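Just model_10.tsv here, TSV, C-alpha atoms:
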```tsv
chain	number	residue	atom	x	y	z
A	1	MET	CA	12.29	-14.21	-13.53
A	2	ARG	CA	14.19	-13.56	-10.30
A	3	VAL	CA	12.46	-10.79	-8.35
A	4	ALA	CA	13.39	-9.12	-5.06
A	5	VAL	CA	10.79	-7.63	-2.69
A	6	THR	CA	11.88	-5.28	0.08
A	7	GLY	CA	9.48	-5.55	2.98
A	8	GLY	CA	8.64	-9.01	1.66
A	9	CYS	CA	7.65	-10.34	5.08
A	10	GLY	CA	5.20	-7.54	5.88
A	11	PHE	CA	1.48	-7.14	5.30
A	12	ILE	CA	1.41	-6.24	1.59
A	13	GLY	CA	4.88	-7.51	0.75
A	14	SER	CA	4.16	-11.05	1.92
A	15	HIS	CA	1.10	-11.23	-0.33
A	16	VAL	CA	3.18	-9.91	-3.23
A	17	VAL	CA	5.76	-12.63	-2.57
A	18	ASP	CA	2.99	-15.27	-2.45
A	19	ARG	CA	1.52	-14.11	-5.76
A	20	LEU	CA	4.90	-13.86	-7.50
A	21	LEU	CA	5.77	-17.40	-6.41
A	22	SER	CA	2.42	-18.74	-7.59
A	23	ALA	CA	3.09	-17.08	-10.96
A	24	GLY	CA	6.32	-19.08	-11.26
A	25	HIS	CA	8.90	-16.43	-10.36
A	26	GLU	CA	11.95	-16.92	-8.16
A	27	VAL	CA	11.60	-14.54	-5.23
A	28	LEU	CA	13.98	-12.96	-2.72
A	29	ALA	CA	12.30	-11.39	0.32
A	30	VAL	CA	14.48	-8.61	1.72
A	31	ASP	CA	13.29	-7.87	5.24
A	32	ALA	CA	14.76	-7.41	8.71
A	33	THR	CA	12.09	-9.80	10.04
A	34	ASP	CA	10.60	-13.11	8.91
A	35	LYS	CA	7.09	-12.52	10.29
A	36	TYR	CA	5.15	-13.63	7.20
A	37	LEU	CA	7.98	-15.24	5.26
A	38	ASN	CA	6.86	-17.68	2.58
A	39	PRO	CA	9.08	-20.78	3.01
A	40	ASP	CA	9.42	-21.05	-0.76
A	41	ALA	CA	11.09	-17.64	-0.98
A	42	GLU	CA	14.73	-16.89	-0.35
A	43	HIS	CA	15.21	-14.52	2.59
A	44	SER	CA	17.85	-11.84	3.11
A	45	ARG	CA	17.67	-10.32	6.61
A	46	ILE	CA	19.19	-6.90	6.00
A	47	ASP	CA	18.32	-3.24	6.50
A	48	VAL	CA	17.41	-1.45	3.26
A	49	LEU	CA	19.61	1.45	4.40
A	50	ASP	CA	22.68	-0.80	4.20
A	51	LEU	CA	23.82	-0.05	0.66
A	52	PRO	CA	26.70	-2.55	0.38
A	53	ALA	CA	24.62	-5.43	1.80
A	54	LEU	CA	21.59	-4.55	-0.33
A	55	THR	CA	23.68	-4.27	-3.48
A	56	THR	CA	25.06	-7.75	-2.84
A	57	ALA	CA	21.61	-9.14	-2.09
A	58	LEU	CA	20.08	-7.75	-5.29
A	59	ASP	CA	22.80	-9.15	-7.51
A	60	GLY	CA	21.23	-11.65	-9.90
A	61	SER	CA	17.69	-10.26	-9.64
A	62	GLU	CA	16.01	-8.55	-12.59
A	63	VAL	CA	13.42	-6.40	-10.82
A	64	VAL	CA	13.06	-5.09	-7.27
A	65	PHE	CA	9.73	-4.20	-5.71
A	66	HIS	CA	10.41	-1.61	-3.01
A	67	LEU	CA	7.72	-1.95	-0.34
A	68	ALA	CA	9.78	-1.49	2.84
A	69	ALA	CA	8.59	1.75	4.44
A	70	MET	CA	7.15	3.37	7.52
A	71	ALA	CA	3.45	3.27	6.63
A	72	ASP	CA	1.72	3.99	9.94
A	73	VAL	CA	0.90	7.69	9.77
A	74	GLU	CA	0.81	7.95	13.56
A	75	GLN	CA	4.36	6.58	13.79
A	76	VAL	CA	5.44	8.97	11.04
A	77	SER	CA	4.07	11.90	13.06
A	78	ALA	CA	5.70	10.65	16.26
A	79	ASP	CA	9.15	10.06	14.71
A	80	PRO	CA	9.56	12.27	11.62
A	81	VAL	CA	13.34	11.86	11.34
A	82	ARG	CA	13.07	8.09	11.28
A	83	ALA	CA	10.23	8.35	8.74
A	84	VAL	CA	12.36	10.47	6.41
A	85	ARG	CA	15.30	8.09	6.72
A	86	THR	CA	13.14	5.02	6.11
A	87	ASN	CA	10.90	6.32	3.34
A	88	ILE	CA	13.23	8.68	1.49
A	89	ASP	CA	16.77	7.52	2.28
A	90	GLY	CA	15.56	3.93	2.01
A	91	THR	CA	14.22	4.56	-1.48
A	92	ALA	CA	17.47	6.20	-2.54
A	93	THR	CA	19.43	3.23	-1.22
A	94	VAL	CA	17.24	0.74	-3.12
A	95	LEU	CA	17.52	2.76	-6.33
A	96	GLU	CA	21.30	2.95	-6.03
A	97	ALA	CA	21.66	-0.73	-5.14
A	98	ALA	CA	19.49	-1.62	-8.14
A	99	ARG	CA	21.64	0.58	-10.37
A	100	ARG	CA	24.89	-0.94	-9.12
A	101	SER	CA	23.51	-4.46	-9.49
A	102	GLY	CA	22.23	-3.81	-13.01
A	103	LEU	CA	18.54	-4.51	-12.38
A	104	SER	CA	16.22	-3.69	-15.24
A	105	ARG	CA	13.59	-1.93	-13.14
A	106	THR	CA	12.61	-0.68	-9.67
A	107	VAL	CA	8.93	-0.81	-8.73
A	108	LEU	CA	8.06	1.69	-6.01
A	109	ALA	CA	5.14	1.30	-3.62
A	110	SER	CA	3.52	4.70	-3.24
A	111	THR	CA	0.07	5.79	-2.10
A	112	VAL	CA	-3.10	7.57	-3.22
A	113	TRP	CA	-2.46	9.93	-0.30
A	114	VAL	CA	-0.27	11.89	-2.74
A	115	TYR	CA	-3.47	12.97	-4.51
A	116	GLY	CA	-4.20	15.12	-1.49
A	117	ALA	CA	-1.66	17.50	-3.04
A	118	ALA	CA	-3.23	17.27	-6.51
A	119	LEU	CA	-4.45	20.33	-8.38
A	120	ALA	CA	-7.93	19.28	-9.44
A	121	GLY	CA	-10.58	21.52	-10.92
A	122	GLU	CA	-14.35	21.36	-10.69
A	123	GLY	CA	-16.84	19.91	-13.13
A	124	PRO	CA	-19.75	21.82	-14.70
A	125	GLU	CA	-21.96	21.19	-11.66
A	126	GLY	CA	-19.28	22.22	-9.17
A	127	GLU	CA	-18.34	18.66	-8.27
A	128	GLU	CA	-14.71	17.68	-7.79
A	129	GLN	CA	-13.20	16.26	-10.96
A	130	GLU	CA	-11.72	12.77	-11.06
A	131	VAL	CA	-7.91	12.76	-11.02
A	132	ASP	CA	-5.47	10.35	-12.63
A	133	GLU	CA	-1.75	9.64	-12.69
A	134	HIS	CA	-1.01	12.75	-14.77
A	135	VAL	CA	-2.56	15.36	-12.50
A	136	PRO	CA	0.00	17.93	-11.27
A	137	VAL	CA	0.69	18.24	-7.57
A	138	GLU	CA	1.35	21.36	-5.53
A	139	LEU	CA	4.03	20.77	-2.91
A	140	GLU	CA	2.59	23.30	-0.48
A	141	ARG	CA	-0.54	21.13	-0.33
A	142	SER	CA	1.38	17.99	0.68
A	143	GLY	CA	0.02	18.19	4.24
A	144	HIS	CA	1.00	15.14	6.25
A	145	LEU	CA	4.69	14.25	6.50
A	146	TYR	CA	3.82	10.76	5.24
A	147	VAL	CA	2.65	12.32	1.96
A	148	ALA	CA	5.83	14.38	1.75
A	149	THR	CA	7.99	11.26	2.09
A	150	LYS	CA	6.06	9.47	-0.65
A	151	LEU	CA	6.20	12.44	-3.01
A	152	ALA	CA	9.94	12.68	-2.38
A	153	ALA	CA	10.36	8.96	-3.09
A	154	GLU	CA	8.51	9.32	-6.39
A	155	MET	CA	10.71	12.28	-7.32
A	156	LEU	CA	13.83	10.18	-6.64
A	157	VAL	CA	12.55	7.47	-8.96
A	158	HIS	CA	12.05	10.01	-11.75
A	159	SER	CA	15.48	11.53	-11.09
A	160	TYR	CA	17.15	8.12	-11.43
A	161	ARG	CA	15.39	7.70	-14.77
A	162	GLU	CA	16.55	11.14	-15.92
A	163	LEU	CA	20.14	10.93	-14.67
A	164	TYR	CA	20.97	7.24	-15.04
A	165	GLY	CA	18.38	5.84	-17.43
A	166	ARG	CA	16.99	3.52	-14.73
A	167	HIS	CA	13.53	2.23	-15.52
A	168	PHE	CA	10.74	2.32	-12.94
A	169	THR	CA	7.11	1.63	-12.18
A	170	ILE	CA	5.20	3.50	-9.47
A	171	LEU	CA	2.20	1.82	-7.85
A	172	ARG	CA	-0.01	4.21	-5.88
A	173	TYR	CA	-1.96	2.00	-3.51
A	174	GLY	CA	-5.50	2.63	-2.48
A	175	ILE	CA	-6.15	1.91	1.18
A	176	PRO	CA	-5.23	-1.78	1.54
A	177	TYR	CA	-6.94	-4.25	3.86
A	178	GLY	CA	-7.06	-7.99	4.38
A	179	PRO	CA	-5.26	-10.82	6.19
A	180	ARG	CA	-1.98	-9.85	7.91
A	181	MET	CA	-2.81	-6.14	8.03
A	182	ARG	CA	-1.60	-4.09	10.97
A	183	ASP	CA	-3.87	-3.99	13.98
A	184	GLU	CA	-3.88	-0.16	13.81
A	185	LEU	CA	-5.67	-0.05	10.43
A	186	VAL	CA	-9.30	0.96	10.65
A	187	VAL	CA	-10.83	-2.26	9.26
A	188	ALA	CA	-8.70	-4.36	11.61
A	189	ARG	CA	-9.59	-2.20	14.60
A	190	PHE	CA	-13.30	-2.41	13.89
A	191	VAL	CA	-13.30	-6.18	13.29
A	192	GLN	CA	-11.20	-6.90	16.36
A	193	ALA	CA	-13.40	-4.67	18.51
A	194	ALA	CA	-16.52	-6.47	17.32
A	195	LEU	CA	-15.03	-9.91	17.92
A	196	ALA	CA	-13.98	-8.86	21.42
A	197	GLY	CA	-17.38	-7.34	22.22
A	198	ARG	CA	-15.97	-3.81	22.46
A	199	PRO	CA	-17.58	-0.67	20.98
A	200	ILE	CA	-16.35	0.67	17.65
A	201	THR	CA	-14.88	4.19	17.81
A	202	ILE	CA	-15.05	6.49	14.77
A	203	ALA	CA	-12.75	9.52	14.42
A	204	GLY	CA	-14.85	12.47	13.21
A	205	ASP	CA	-18.32	12.14	11.71
A	206	GLY	CA	-17.53	8.94	9.77
A	207	ARG	CA	-18.37	10.42	6.39
A	208	GLN	CA	-14.74	10.44	5.20
A	209	SER	CA	-14.40	7.77	2.54
A	210	ARG	CA	-11.72	5.60	0.97
A	211	ASN	CA	-11.59	3.24	-1.99
A	212	PHE	CA	-10.32	0.25	-0.04
A	213	VAL	CA	-8.49	-2.37	-2.08
A	214	TYR	CA	-8.25	-6.00	-0.96
A	215	VAL	CA	-4.63	-7.00	-0.48
A	216	GLU	CA	-4.72	-10.05	-2.76
A	217	ASP	CA	-6.12	-7.91	-5.58
A	218	LEU	CA	-3.29	-5.47	-4.93
A	219	ALA	CA	-0.73	-8.29	-5.04
A	220	ASP	CA	-2.11	-9.38	-8.41
A	221	ALA	CA	-1.37	-5.92	-9.79
A	222	HIS	CA	2.31	-6.35	-8.87
A	223	VAL	CA	2.64	-9.47	-11.00
A	224	ARG	CA	0.96	-7.65	-13.88
A	225	ALA	CA	3.34	-4.72	-13.36
A	226	LEU	CA	6.22	-6.89	-14.54
A	227	SER	CA	4.80	-6.43	-18.04
A	228	PRO	CA	6.82	-4.23	-20.42
A	229	ALA	CA	3.72	-2.03	-20.67
A	230	ALA	CA	4.30	-0.90	-17.06
A	231	GLU	CA	7.82	0.38	-17.68
A	232	ASP	CA	8.23	4.05	-16.68
A	233	GLN	CA	4.53	4.31	-15.81
A	234	THR	CA	2.57	5.26	-12.70
A	235	PHE	CA	-0.61	3.43	-11.71
A	236	ALA	CA	-3.35	4.22	-9.23
A	237	LEU	CA	-4.61	0.98	-7.69
A	238	GLU	CA	-7.89	1.89	-6.05
A	239	GLY	CA	-10.83	-0.19	-4.93
A	240	SER	CA	-13.90	-0.07	-7.14
A	241	ALA	CA	-16.21	1.84	-4.78
A	242	ALA	CA	-15.87	4.49	-2.10
A	243	VAL	CA	-16.49	3.18	1.41
A	244	SER	CA	-17.02	5.61	4.28
A	245	VAL	CA	-15.79	4.94	7.79
A	246	ARG	CA	-19.42	4.69	8.82
A	247	ASP	CA	-19.94	2.10	6.05
A	248	ILE	CA	-17.08	0.05	7.53
A	249	ALA	CA	-18.71	0.14	10.94
A	250	ASP	CA	-22.08	-0.85	9.47
A	251	THR	CA	-20.49	-3.71	7.49
A	252	VAL	CA	-18.76	-5.04	10.61
A	253	ASP	CA	-21.99	-4.68	12.56
A	254	ARG	CA	-23.86	-6.66	9.90
A	255	LEU	CA	-21.24	-9.42	9.72
A	256	LEU	CA	-20.18	-9.66	13.37
A	257	GLY	CA	-22.58	-7.54	15.41
A	258	PRO	CA	-24.46	-6.16	17.03
A	259	VAL	CA	-21.85	-3.56	18.03
A	260	THR	CA	-21.98	-0.17	19.77
A	261	ILE	CA	-20.59	2.78	17.78
A	262	SER	CA	-19.13	5.95	19.33
A	263	HIS	CA	-17.37	9.05	17.93
A	264	ILE	CA	-14.15	10.91	18.88
A	265	GLU	CA	-12.35	13.96	17.47
A	266	ALA	CA	-11.10	13.66	13.88
A	267	ARG	CA	-7.41	12.86	13.26
A	268	ALA	CA	-5.21	15.83	12.26
A	269	ALA	CA	-4.09	16.08	8.60
A	270	ASP	CA	-6.03	12.97	7.65
A	271	TYR	CA	-6.37	12.10	3.97
A	272	ALA	CA	-9.78	13.41	2.94
A	273	GLY	CA	-10.08	11.18	-0.13
A	274	ARG	CA	-10.28	12.10	-3.82
A	275	ARG	CA	-12.05	10.75	-6.88
A	276	ILE	CA	-9.23	8.78	-8.50
A	277	SER	CA	-9.23	6.96	-11.81
A	278	SER	CA	-7.73	3.48	-12.11
A	279	ALA	CA	-8.37	3.40	-15.86
A	280	GLN	CA	-4.68	3.29	-16.74
A	281	ALA	CA	-4.16	0.12	-14.69
A	282	LYS	CA	-7.07	-1.50	-16.49
A	283	ARG	CA	-5.93	-0.34	-19.91
A	284	LEU	CA	-2.21	-1.19	-19.65
A	285	LEU	CA	-2.19	-4.03	-17.11
A	286	GLY	CA	-5.65	-5.54	-17.51
A	287	TRP	CA	-6.08	-5.00	-13.76
A	288	SER	CA	-9.17	-4.11	-11.82
A	289	PRO	CA	-10.15	-5.03	-8.25
A	290	ARG	CA	-12.28	-8.16	-7.95
A	291	THR	CA	-13.09	-8.48	-4.25
A	292	ASN	CA	-16.07	-6.55	-2.91
A	293	PHE	CA	-15.62	-4.88	0.44
A	294	ALA	CA	-17.92	-7.10	2.53
A	295	ASP	CA	-16.26	-10.28	1.22
A	296	GLY	CA	-12.84	-8.85	2.03
A	297	VAL	CA	-13.89	-7.97	5.58
A	298	ARG	CA	-15.30	-11.47	6.04
A	299	ARG	CA	-12.03	-13.03	4.83
A	300	TYR	CA	-10.03	-10.88	7.22
A	301	ALA	CA	-12.32	-11.82	10.11
A	302	ASP	CA	-11.91	-15.51	9.24
A	303	TRP	CA	-8.13	-15.14	9.10
A	304	TYR	CA	-8.01	-13.25	12.39
A	305	ARG	CA	-10.15	-15.82	14.16
A	306	ASP	CA	-8.05	-18.68	12.78
A	307	THR	CA	-4.75	-17.12	13.83
A	308	THR	CA	-5.83	-15.86	17.26
A	309	GLY	CA	-8.72	-18.09	18.26
A	310	THR	CA	-10.70	-14.93	18.99
A	311	GLY	CA	-14.44	-14.46	18.70
A	312	PRO	CA	-17.30	-16.45	17.22
A	313	ASP	CA	-17.57	-17.64	13.64
A	314	PRO	CA	-19.14	-14.71	11.69
A	315	SER	CA	-20.99	-17.08	9.38
```
Entire entry expressed as structure tokens:
Amino acid sequence: MRVAVTGGCGFIGSHVVDRLLSAGHEVLAVDATDKYLNPDAEHSRIDVLDLPALTTALDGSEVVFHLAAMADVEQVSADPVRAVRTNIDGTATVLEAARRSGLSRTVLASTVWVYGAALAGEGPEGEEQEVDEHVPVELERSGHLYVATKLAAEMLVHSYRELYGRHFTILRYGIPYGPRMRDELVVARFVQAALAGRPITIAGDGRQSRNFVYVEDLADAHVRALSPAAEDQTFALEGSAAVSVRDIADTVDRLLGPVTISHIEARAADYAGRRISSAQAKRLLGWSPRTNFADGVRRYADWYRDTTGTGPDPS
């Protein structure tokens, strides 16, 4: 199958391209850069907001994975107009280019941050109930602009299905980590600080938790999402266990330490985390994360050392 991946030279997109190629697919990476371009993939250096160019580029593909987005929440806050254009207008452009080029499906990269707007009740003991892909959301709870852009992108996907009969799959990522991740991401910051002998800084009390998902496990889900069972479905792709920010610091300390840990004020409108079910991905795609958190951190540290020559061997 010929598959296009917007953002195919970025952190997650490059791993998706790698996994698609290893599964025997023909891959087109659509990206304005070639930072992590796989040499076995075709490359189209265009802006996803350029509808005529994107329509031409997608011609001949069967499915497009739309990963190109502004994903750094700090950049989203600093430049909201650009974030809206990239994340919302960009999605509309990809959907329209896919429609004009006759692709069978668009696969949208979304985020578990959208569950921050979910309406979830309480269990019999007062604990927060686990949510899944079918939980309703309340727009006034959307919070961060990043969440608003992702909710809007998901709504566009559903509208294209309703108006034009265009099939979709939505993949709501857990918090991804692993080789090639941005330096701003918390796992990268902590590992790099430890390797450089700097203290680790935690925003808030460190009890906020995430279900981190290793990027190669996430890429595997994309290949599985090509299955007919994924058509017109939404999947939460979470890691298997909640990891607090303090747990990250302790893991890095254990693997690369000793390190000094300090605290600063919590980040505004941060995603507080929810109990999210990935049962649908397991049931329909046969997917579940395989990489435990400590192993993933170790692999990232190895990759970072190899690519930068920084720090001692953690083993």
Next item on the list: Please identify all polymer residues within 10 Å of Ala109 of chain A, counting all atoms listed in the file, omitting same-chain residues fewer than 3 positions from it, and present them as a ChimeraX atom specification.
Entry: /A:12-13,65-69,91,106,150,153-154,169-173,222
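Note that the spacing between atom CA of His25 of chain A and atom CA of Gly60 of chain A amounts to 13.2 Å.
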Note to self: List as number ranges by chain the residues having at least one atom at most 6 Å from position (-6.7, -8.0, 4.4) as given in the file, counting all atoms listed in the file.
What the structure shows: A: 177-179, 181, 214-215, 300
Next item on the list: Compare A:Ser77, A:Thr6, A:Ser277, A:Ser110 by their minimum atom-to-atom distance to Ala57 of chain A, counting all atoms listed in the file, and give me the closest one.
Entry: A:Thr6
Extending 8 Å beyond the listed atoms of segment 227-239 of chain A on each side, what axis-aligned box results? I want centre and edge lengths in Å to one decimal, as JSON.
```
{"center_x": -1.3, "center_y": -0.6, "center_z": -12.8, "size_x": 35.1, "size_y": 27.7, "size_z": 31.7}
```
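Using only C-alpha atoms, the smallest distance between any of A:Asp302, A:Asp295, A:Glu74, A:Glu133 and Ala236 of chain A comes from A:Glu133.
The closest residue to Ser142 of chain A, picked from A:Ala194, A:Val5, A:Leu185, A:Leu119 and counting only C-alpha atoms, is A:Leu119.
The nearest approach to Ala92 of chain A among the residues A:Val187, A:Leu156, A:Ala118, A:Ile248, with all atoms listed in the file taken into account, belongs to A:Leu156.
Going from atom CA of Ala281 of chain A over to atom CA of Ala229 of chain A, you cover 10.1 Å.
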Checklist line | Selected residue, from A:Val114, A:Ala97, A:Met1, A:Ala152, that lies nearest to Val135 of chain A when counting all atoms listed in the file | finding: A:Val114
Next item on the list: May I have the residues within 9 Å of Ala41 of chain A as an MDAnalysis selection string, using only C-alpha atoms and disregarding those fewer than 6 positions away in the same chain?
Entry: chainID A and resid 17:18 21 26:29
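Counting only C-alpha atoms and comparing A:Thr307, A:Thr33, A:Gln280, A:Ser262, the residue that lies closest to Gly10 of chain A is A:Thr33.
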Next item on the list: Find the residues around Trp113 of chain A up to 12 Å (all atoms listed in the file counted), leave out those fewer than 4 positions away in its own chain, and share them as a VMD selection string.
Entry: chain A and resid 71 73 109 117 to 118 137 141 to 151 172 to 175 210 to 211 236 to 238 269 to 276
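Going from atom CA of Gly239 of chain A over to atom CA of Val48 of chain A, you cover 29.4 Å.
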Item checked: Local residues around (-22.3, 2.0, 15.2), at most 9 Å away, using all atoms listed in the file, as a PyMOL selection string -> chain A and resi 199-202+246+249-250+253+258-262
Check: Neighbours of Asp47 of chain A within 9 Å (all atoms listed in the file; same-chain residues fewer than 6 positions away dropped), as a ChimeraX atom specification?
Finding: /A:30-32,53-54,90
Only C-alpha atoms, as a PDB file, in the first residue's frame: that is what I want for segment 260-298 of chain A.
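Output contents, as saved in result04.pdb:
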```
ATOM      1  CA  THR A 260      19.814  16.982  42.422  1.00  0.00           C
ATOM      2  CA  ILE A 261      16.064  17.658  42.193  1.00  0.00           C
ATOM      3  CA  SER A 262      14.438  21.086  42.668  1.00  0.00           C
ATOM      4  CA  HIS A 263      10.867  22.426  42.299  1.00  0.00           C
ATOM      5  CA  ILE A 264       9.377  25.484  40.540  1.00  0.00           C
ATOM      6  CA  GLU A 265       5.830  26.819  40.107  1.00  0.00           C
ATOM      7  CA  ALA A 266       3.412  24.561  38.216  1.00  0.00           C
ATOM      8  CA  ARG A 267       2.691  25.284  34.526  1.00  0.00           C
ATOM      9  CA  ALA A 268      -0.622  27.047  33.792  1.00  0.00           C
ATOM     10  CA  ALA A 269      -3.461  24.972  32.252  1.00  0.00           C
ATOM     11  CA  ASP A 270      -1.370  21.813  32.337  1.00  0.00           C
ATOM     12  CA  TYR A 271      -3.060  18.497  31.549  1.00  0.00           C
ATOM     13  CA  ALA A 272      -3.850  16.948  34.920  1.00  0.00           C
ATOM     14  CA  GLY A 273      -4.170  13.404  33.585  1.00  0.00           C
ATOM     15  CA  ARG A 274      -7.191  11.072  33.492  1.00  0.00           C
ATOM     16  CA  ARG A 275      -7.783   7.352  33.838  1.00  0.00           C
ATOM     17  CA  ILE A 276      -8.101   6.364  30.182  1.00  0.00           C
ATOM     18  CA  SER A 277      -8.940   2.975  28.732  1.00  0.00           C
ATOM     19  CA  SER A 278      -6.988   1.592  25.780  1.00  0.00           C
ATOM     20  CA  ALA A 279      -9.225  -1.481  25.600  1.00  0.00           C
ATOM     21  CA  GLN A 280     -10.609  -0.591  22.174  1.00  0.00           C
ATOM     22  CA  ALA A 281      -7.114  -0.514  20.649  1.00  0.00           C
ATOM     23  CA  LYS A 282      -6.414  -3.939  22.106  1.00  0.00           C
ATOM     24  CA  ARG A 283      -9.751  -5.360  21.005  1.00  0.00           C
ATOM     25  CA  LEU A 284      -9.867  -3.999  17.428  1.00  0.00           C
ATOM     26  CA  LEU A 285      -6.175  -3.597  16.585  1.00  0.00           C
ATOM     27  CA  GLY A 286      -4.512  -6.177  18.822  1.00  0.00           C
ATOM     28  CA  TRP A 287      -2.362  -3.325  20.150  1.00  0.00           C
ATOM     29  CA  SER A 288      -0.995  -2.766  23.599  1.00  0.00           C
ATOM     30  CA  PRO A 289       2.232  -1.046  24.691  1.00  0.00           C
ATOM     31  CA  ARG A 290       5.189  -3.380  25.167  1.00  0.00           C
ATOM     32  CA  THR A 291       8.025  -1.173  26.412  1.00  0.00           C
ATOM     33  CA  ASN A 292       8.221  -0.468  30.136  1.00  0.00           C
ATOM     34  CA  PHE A 293       9.097   3.059  31.137  1.00  0.00           C
ATOM     35  CA  ALA A 294      12.603   2.449  32.504  1.00  0.00           C
ATOM     36  CA  ASP A 295      13.644   0.545  29.361  1.00  0.00           C
ATOM     37  CA  GLY A 296      12.314   3.368  27.191  1.00  0.00           C
ATOM     38  CA  VAL A 297      14.247   5.975  29.170  1.00  0.00           C
ATOM     39  CA  ARG A 298      17.408   3.889  28.871  1.00  0.00           C
TER      40      ARG A 298
END
```
